[in-house]
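Heads up, the thing below is written out as structure tokens.
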Amino acid sequence: MLSPWFIIFAAVMLLMTTISANYNMVVFYTELGITIAASAVVFALSLRFSAYIRGIVRSTADRIDGLDHDYLERYKYPIAVVGPEGDIAWCNARFRKAIGARSPEGDHINNYISGYDFGDIVDSDGVDVAVDGREFTVYCMSADNSVVCHFIENTYFKSTVREYHASIPCVALITFDNAEDFVSSSEEYYSTVAISLEANLQRWANEYKAMYKKISNNRYMIIFRDEDIDKMIAQRFPILKDVRSIGTSRHIATISVGLARGSKTVRESELNARKALEMALGRGGDQVAIIRDNSYEFFGGTAAAAEKVSKVRMRVIANAISRAVTDADKIYIMGHRFSDLDCVGASIGMQCIMEKTFKKYSKVVINKDATMARQLIDYVDERIEGEVFVTPDDALRGITAKTLLIIVDTHIATSLESKELYERSKRVVVIDHHRKAVNYISNALVFCHEPSASSACEMCSEIISYLDDKPLGYIQADALLSGIMLDTKNFVLKTGVRTFEAAAYLRRKGANTLTVKEMFSGSIDTYREKVEIVVRSEVYRGCAISTSDKITEDIRLASAQAADEMLTLKGISASFVIFGDKEKINISARSYGRVNVQLIMEKMGGGGHQTMAATQLYGSTLEDARKQLTEAIDSVLDYAEAE
């Protein structure tokens with residue numbers, strides 16, 4: 001390949017030598033000697049390179065069924081013979097035509113294998129490459145001192161496969177989240193909103209030439225092509241914003257979308273879309289949940305969950321719990337680790353009904369040494385005869401095959417007071433109000449999940465009211481009311497009609513607000529720690545962030561109270577307190593709803609509610625945790641601003 005250039009170079013040198021003879025004979029003879037020597041070296045190297053090529057081709061031909069090397073030219077697909085260092089020694093005409101080059105000999109084979117390294121693909125199962133707009137699968141087989149690279153073209157096959165995957169039907173199930181809000185205003189107003197909603201959904205379907213169908217009242221189905229989903233993801237599903245523009249300042253319409261990708265059949269896609277829709281609703285609605293290979297991706301979720309006015313579902317759940325309790329021999333009620341007033345209050349209320357109404361052995365499983373509801377526990381121990389609380393170890397020793405475990409204020413196995421107790425329990429009931437996480441408890445006999453509820457105590461109060469609630473006394477009513485007051489910040493956050501109805505019900509049962517208020521009082525040391533945390537806070541994008549390097553018994557309670565206190569500062573939309581213990585770094589997050597702290601904590605592996613969330617980081621430092629937190633805040637706030 002380089003011979004023509006060598007000849008030209010030698011001719012130029014000879015011409016320059018001849019010209020120099022007219023000026024100086026010494027220079028002439030010197031240049032003539034150099035020219036003859038250079039030409040001899042080039043000629044020798046050319047002969048050696050030709051012999052090298054012949055040797056490679058000959059050894060390759062011997063390797064391939066002993067065929068003569070002339071047969072290599074007649075291969076029906078591109079083929080190249082490559083030296084040990086990866087340089088192309090020979091190729092057939094089909095290879096030249098495929099790559100669009102006249103003389104590829106001497107080039108390195110890496111130039112034609114799309115970024116792969118030649119040494120990594122020799123004697124491998126083949127790699128897919130693209131050359132000059134055409135696609136090949138390359139197989140490189142070793143010969144004696146060379147490698148033969150076969151380029152099998154499959155452009156049509158791969159384009160067909162891509163078209164198939166792009167056209168796979170993806171079912172999207174849509175529901176009108178808060179239709180009840182508009183129905184309660186007036187039927188005429190609801191009809192207007194419903195028509196506008198359907199018009200937006202139809203426009204969405206028409207934009208992608210998808211099939212649209214109204215399944216039932218407030219429920220719709222659209223079947224998209226898989227390639228269209230990538231476009232929607234890039235745009236972050238503007239349909240959510242379009243729907244939120246419907247309504248008034250009092251009621252804003254929202255939808256939940258469950259979308260399935262990667263399913264083999266339309267039937268399978270529809271079933272997976274139902275699972276995704278259930279997850280979207282469990283997380284508070286106003287979002288798109290995409291499921292693929294049992295993993296989820298979420299978009300939206302900025303609006304507050306719509307309160308469910310109807311109590312029919314709670315009545316049905318109460319009946320289901322009643323049947324489960326009847327078949328059990330023992331009842332254990334358990335919440336999350338580092339239990340708070342909502343967790344313990346709900347457990348105390350349910351324990352009373354299980355023990356006195358259903359006449360079953362019933363205990364609250366709790367670690368008294370690691371709780372933020374110590375005052376409530378002491379309050380109950382002083383006023384109720386007999387043991388209400390047991391340790392996780394005692395519960396494990398007493399569990400049987402017919403024991404029923406009621407889990408309150410969490411639906412994630414890893415956050416339970418005793419994960420081992422849950423794993424050994426064959427019968428489980430879950431009652432929780434936090435937004436649904438992907439790793440939720442899926443084997444429950446009854447899964448009572450209501451993200452629009454203010455607290456677990458509110459939910460348990462409703463359930464108890466549908467059972468025989470005569471044994472419920474003022475002590476249990478105080479416990480339940482304390483949980484509601486904690487999670488609503490004294491009836492400020494997430495307070496709906498049913499919240500006040502539950503509080504009124506507990507008041508009739510003897511709950512005393514002054515007694516409950518005393519349960520929120522803390523020690524002077526806890527107050528000092530809280531003040532120190534608040535004073536050290538800094539503002540980042542409207543969020544107050546504070547870090548505490550102290551490890552004390554009350555640091556968790558002080559951090560939670562400091563996060564609440566920081567929300568009262570002017571211009572603060574959310575607050576975060578980072579603190580550590582002996583094993584991990586913890587973050588408590590609070591907001592008034594303008595910033596969804598659940599989404600921020602989910603970015604860091606945690607979760608919770610729109611106004612109250614947390615996470616735990618193992619193997620991290622306070623500085624690393626703060627950096628991760630600011631990155632998560634940026635991600636969520638940038639997304640919200642883009643909407």
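Following the order of the structure tokens, chains are lettered A, B, ..., residues in each are numbered from 1, and ligands are numbered from 1.
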
>> Among region 386-581 of chain A, which ones does DSSP assign to strand (DSSP E or B) (computed from the backbone)? Answer as JSON, numbers by chain.
In response: {"A": [389, 390, 404, 405, 406, 407, 408, 412, 416, 427, 428, 429, 430, 431, 432, 440, 446, 447, 448, 449, 538, 539, 540, 543, 544, 545, 546, 547, 548, 574, 575, 576, 577, 578, 579, 580]}

Residues from last step as file, N, CA and C atoms, as a compact mmCIF listing (two decimals), in the first residue's frame:
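Listing of again28.txt after writing:
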# COMPACT_ATOMS: atom_id res chain seq x y z
N PHE A 389 -47.04 -4.03 76.96
CA PHE A 389 -45.90 -4.07 76.06
C PHE A 389 -45.03 -5.29 76.34
N VAL A 390 -44.45 -5.85 75.28
CA VAL A 390 -43.47 -6.92 75.39
C VAL A 390 -42.29 -6.59 74.48
N LEU A 404 -51.29 -13.83 64.85
CA LEU A 404 -51.52 -12.75 63.89
C LEU A 404 -50.65 -11.56 64.27
N LEU A 405 -49.90 -11.04 63.30
CA LEU A 405 -49.06 -9.86 63.52
C LEU A 405 -49.71 -8.67 62.81
N ILE A 406 -50.05 -7.63 63.59
CA ILE A 406 -50.61 -6.40 63.02
C ILE A 406 -49.51 -5.35 62.99
N ILE A 407 -49.17 -4.90 61.81
CA ILE A 407 -48.11 -3.91 61.63
C ILE A 407 -48.76 -2.55 61.40
N VAL A 408 -48.34 -1.55 62.16
CA VAL A 408 -48.92 -0.22 62.05
C VAL A 408 -47.82 0.82 61.76
N ILE A 412 -42.86 -1.35 55.35
CA ILE A 412 -41.57 -1.79 54.84
C ILE A 412 -40.93 -2.71 55.87
N LEU A 416 -39.06 -2.38 60.41
CA LEU A 416 -39.86 -2.88 61.53
C LEU A 416 -39.06 -2.95 62.82
N ARG A 427 -49.16 -14.96 59.38
CA ARG A 427 -50.39 -14.19 59.17
C ARG A 427 -50.10 -12.73 59.55
N VAL A 428 -50.26 -11.83 58.58
CA VAL A 428 -49.86 -10.44 58.78
C VAL A 428 -50.96 -9.50 58.29
N VAL A 429 -51.18 -8.42 59.05
CA VAL A 429 -52.08 -7.33 58.66
C VAL A 429 -51.26 -6.04 58.70
N VAL A 430 -51.41 -5.20 57.69
CA VAL A 430 -50.66 -3.94 57.61
C VAL A 430 -51.63 -2.77 57.61
N ILE A 431 -51.36 -1.78 58.47
CA ILE A 431 -52.16 -0.54 58.52
C ILE A 431 -51.17 0.63 58.46
N ASP A 432 -51.19 1.40 57.37
CA ASP A 432 -50.19 2.46 57.23
C ASP A 432 -50.73 3.59 56.36
N TYR A 440 -42.53 -2.85 49.51
CA TYR A 440 -43.56 -2.96 50.54
C TYR A 440 -43.82 -4.41 50.90
N VAL A 446 -54.37 -8.63 55.04
CA VAL A 446 -55.09 -7.36 54.85
C VAL A 446 -54.03 -6.26 54.73
N PHE A 447 -54.08 -5.52 53.64
CA PHE A 447 -53.13 -4.42 53.43
C PHE A 447 -53.94 -3.13 53.40
N CYS A 448 -54.06 -2.49 54.56
CA CYS A 448 -54.83 -1.26 54.68
C CYS A 448 -53.87 -0.09 54.51
N HIS A 449 -53.89 0.50 53.32
CA HIS A 449 -52.94 1.56 53.00
C HIS A 449 -53.71 2.77 52.49
N GLU A 538 -28.48 26.28 57.99
CA GLU A 538 -28.16 27.12 56.84
C GLU A 538 -29.25 26.93 55.78
N VAL A 539 -29.45 27.96 54.98
CA VAL A 539 -30.52 27.92 53.97
C VAL A 539 -29.93 27.57 52.61
N TYR A 540 -30.52 26.59 51.96
CA TYR A 540 -30.11 26.18 50.62
C TYR A 540 -31.36 25.99 49.77
N CYS A 543 -34.47 25.71 51.61
CA CYS A 543 -34.52 24.59 52.56
C CYS A 543 -33.51 24.85 53.67
N ALA A 544 -33.94 24.66 54.90
CA ALA A 544 -33.05 24.81 56.05
C ALA A 544 -32.37 23.47 56.32
N ILE A 545 -31.03 23.49 56.35
CA ILE A 545 -30.25 22.27 56.57
C ILE A 545 -29.35 22.48 57.78
N SER A 546 -29.40 21.54 58.70
CA SER A 546 -28.55 21.63 59.89
C SER A 546 -27.91 20.27 60.15
N THR A 547 -26.72 20.31 60.74
CA THR A 547 -25.97 19.09 61.02
C THR A 547 -25.58 19.05 62.49
N SER A 548 -25.74 17.88 63.11
CA SER A 548 -25.35 17.71 64.50
C SER A 548 -24.37 16.55 64.60
N ALA A 574 -38.80 23.74 53.46
CA ALA A 574 -38.51 22.39 53.95
C ALA A 574 -37.32 22.46 54.89
N SER A 575 -37.22 21.49 55.77
CA SER A 575 -36.12 21.48 56.73
C SER A 575 -35.53 20.07 56.80
N PHE A 576 -34.21 20.02 57.01
CA PHE A 576 -33.50 18.75 57.07
C PHE A 576 -32.48 18.82 58.20
N VAL A 577 -32.46 17.78 59.02
CA VAL A 577 -31.48 17.68 60.10
C VAL A 577 -30.68 16.40 59.89
N ILE A 578 -29.37 16.54 59.81
CA ILE A 578 -28.47 15.41 59.61
C ILE A 578 -27.78 15.12 60.93
N PHE A 579 -27.89 13.90 61.41
CA PHE A 579 -27.24 13.52 62.66
C PHE A 579 -26.81 12.06 62.58
N GLY A 580 -25.88 11.69 63.42
CA GLY A 580 -25.35 10.34 63.38
C GLY A 580 -25.57 9.57 64.66

>> Could you pull out the helix (DSSP H, G or I) residues of region 371-574 of chain A, going by DSSP on the backbone, and write them as an MDAnalysis selection string?
In response: chainID A and resid 374:383 392:398 413:415 419:424 456:466 474:487 497:508 513:518 524:535 555:566

> CA of Ser442 (chain A) to CA of Gln598 (chain A): how many Å, to one decimal?
Replying inline: 21.0 Å

>> When you count only C-alpha atoms, which of these residues is closest to Val535 (chain A): A:Ala563, A:Ala453, A:Ser588, A:Phe182?
In response: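 Smallest separation from Val535 (chain A) among the options: A:Ala563.
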
>> Nearest residue to Ser347 (chain A) out of A:Glu420, A:Glu180, A:Glu382, A:Glu458, using only C-alpha atoms?
In response: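 Closest residue, counting only C-alpha atoms: A:Glu458.
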
> If you count only C-alpha atoms, which residues fall within 8 Å of region 78-85 of chain A, apart from same-chain ones fewer than 2 positions away, as an MDAnalysis selection string?
Replying inline: chainID A and resid 56:57 60 75:76 87:96 98 109 145:152

> Do you know which residues are at most 7 Å from Ala318 (chain A) counting only C-alpha atoms, after dropping those on the same chain fewer than 6 positions away, and could you put them as a ChimeraX atom specification?
Replying inline: /A:463,466-467

> Rounded to one decimal in Å, what is the spacing between CA of Glu297 (chain A) and CA of Thr175 (chain A)?
Replying inline: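 We find that CA of Glu297 (chain A) and CA of Thr175 (chain A) lie 18.1 Å from each other.
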
> Within 10 Å of Asn439 (chain A), counting only C-alpha atoms, which residues qualify if same-chain residues fewer than 5 places away don't, as an NGL selection string?
Replying inline: :A and (295 or 411-414)

>> If we count only C-alpha atoms and set the cut-off at 12 Å, which residues sit around Glu355 (chain A), ignoring sequence neighbours fewer than 3 positions away in its own chain? Please answer as a VMD selection string.
In response: chain A and resid 325 to 326 328 to 333 348 to 352 358 to 364 386 to 388 468 to 469 471 to 472

Using only C-alpha atoms, find each residue of region 137-180 of chain A with at least one atom at most 8 Å away from an atom of region 257-263 of chain A; report its shortest atom-to-atom pair and that distance in Å (one decimal), sort the rows by chain and rising residue number, and return the result as JSON lines.
{"residue": "A:Ile168", "atom": "CA", "partner": "A:Gly262", "partner_atom": "CA", "distance": 7.6}
{"residue": "A:Cys170", "atom": "CA", "partner": "A:Arg261", "partner_atom": "CA", "distance": 5.5}
{"residue": "A:Val171", "atom": "CA", "partner": "A:Ala260", "partner_atom": "CA", "distance": 5.8}
{"residue": "A:Ala172", "atom": "CA", "partner": "A:Leu259", "partner_atom": "CA", "distance": 4.3}
{"residue": "A:Leu173", "atom": "CA", "partner": "A:Gly258", "partner_atom": "CA", "distance": 5.2}
{"residue": "A:Ile174", "atom": "CA", "partner": "A:Val257", "partner_atom": "CA", "distance": 4.5}
{"residue": "A:Thr175", "atom": "CA", "partner": "A:Val257", "partner_atom": "CA", "distance": 6.7}

Kindly save the residues from that selection, with N, CA, C and O atoms included, as a compact mmCIF listing (two decimals), in the first residue's frame.
# COMPACT_ATOMS: atom_id res chain seq x y z
N ILE A 168 -43.66 -2.69 20.37
CA ILE A 168 -44.32 -3.50 21.41
C ILE A 168 -45.39 -2.65 22.10
O ILE A 168 -45.12 -1.53 22.53
N CYS A 170 -47.58 -1.01 24.86
CA CYS A 170 -47.43 -0.69 26.28
C CYS A 170 -48.75 -0.13 26.79
O CYS A 170 -49.19 0.93 26.34
N VAL A 171 -49.37 -0.84 27.70
CA VAL A 171 -50.68 -0.43 28.22
C VAL A 171 -50.50 0.59 29.34
O VAL A 171 -49.68 0.41 30.24
N ALA A 172 -51.26 1.67 29.25
CA ALA A 172 -51.29 2.69 30.30
C ALA A 172 -52.70 2.76 30.86
O ALA A 172 -53.66 2.95 30.11
N LEU A 173 -52.83 2.55 32.16
CA LEU A 173 -54.12 2.67 32.84
C LEU A 173 -54.13 3.98 33.62
O LEU A 173 -53.18 4.29 34.35
N ILE A 174 -55.18 4.76 33.42
CA ILE A 174 -55.27 6.09 34.02
C ILE A 174 -56.53 6.17 34.88
O ILE A 174 -57.59 5.68 34.48
N THR A 175 -56.41 6.81 36.04
CA THR A 175 -57.57 7.05 36.88
C THR A 175 -57.61 8.51 37.32
O THR A 175 -56.57 9.14 37.51

> Near region 510-522 of chain A, counting only C-alpha atoms, which residues have an atom at most 7 Å away, once you skip same-chain residues fewer than 6 positions from it, shown as a ChimeraX atom specification?
Replying inline: /A:375-376,473-474,477-478,481-482

>> So, with only C-alpha atoms as the atoms that count, which of A:Pro238, A:Pro451, A:Gly33, A:Pro169 lies closest to Met279 (chain A)?
In response: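 Of A:Pro238, A:Pro451, A:Gly33, A:Pro169, the one nearest Met279 (chain A), counting only C-alpha atoms, is A:Pro451.
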
> Which residue out of A:Thr621, A:Ser452, A:Thr630, A:Thr400 has the minimum interatomic distance to His609 (chain A) when only C-alpha atoms are used?
Replying inline: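 Between A:Thr621, A:Ser452, A:Thr630, A:Thr400, the residue approaching His609 (chain A) most closely is A:Ser452.
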
>> For a test of reading the model, state the distance in Å between CA of Arg315 (chain A) and CA of Val344 (chain A), rounded to one decimal.
In response: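 CA of Val344 (chain A) lies at a distance of 22.8 Å from CA of Arg315 (chain A).
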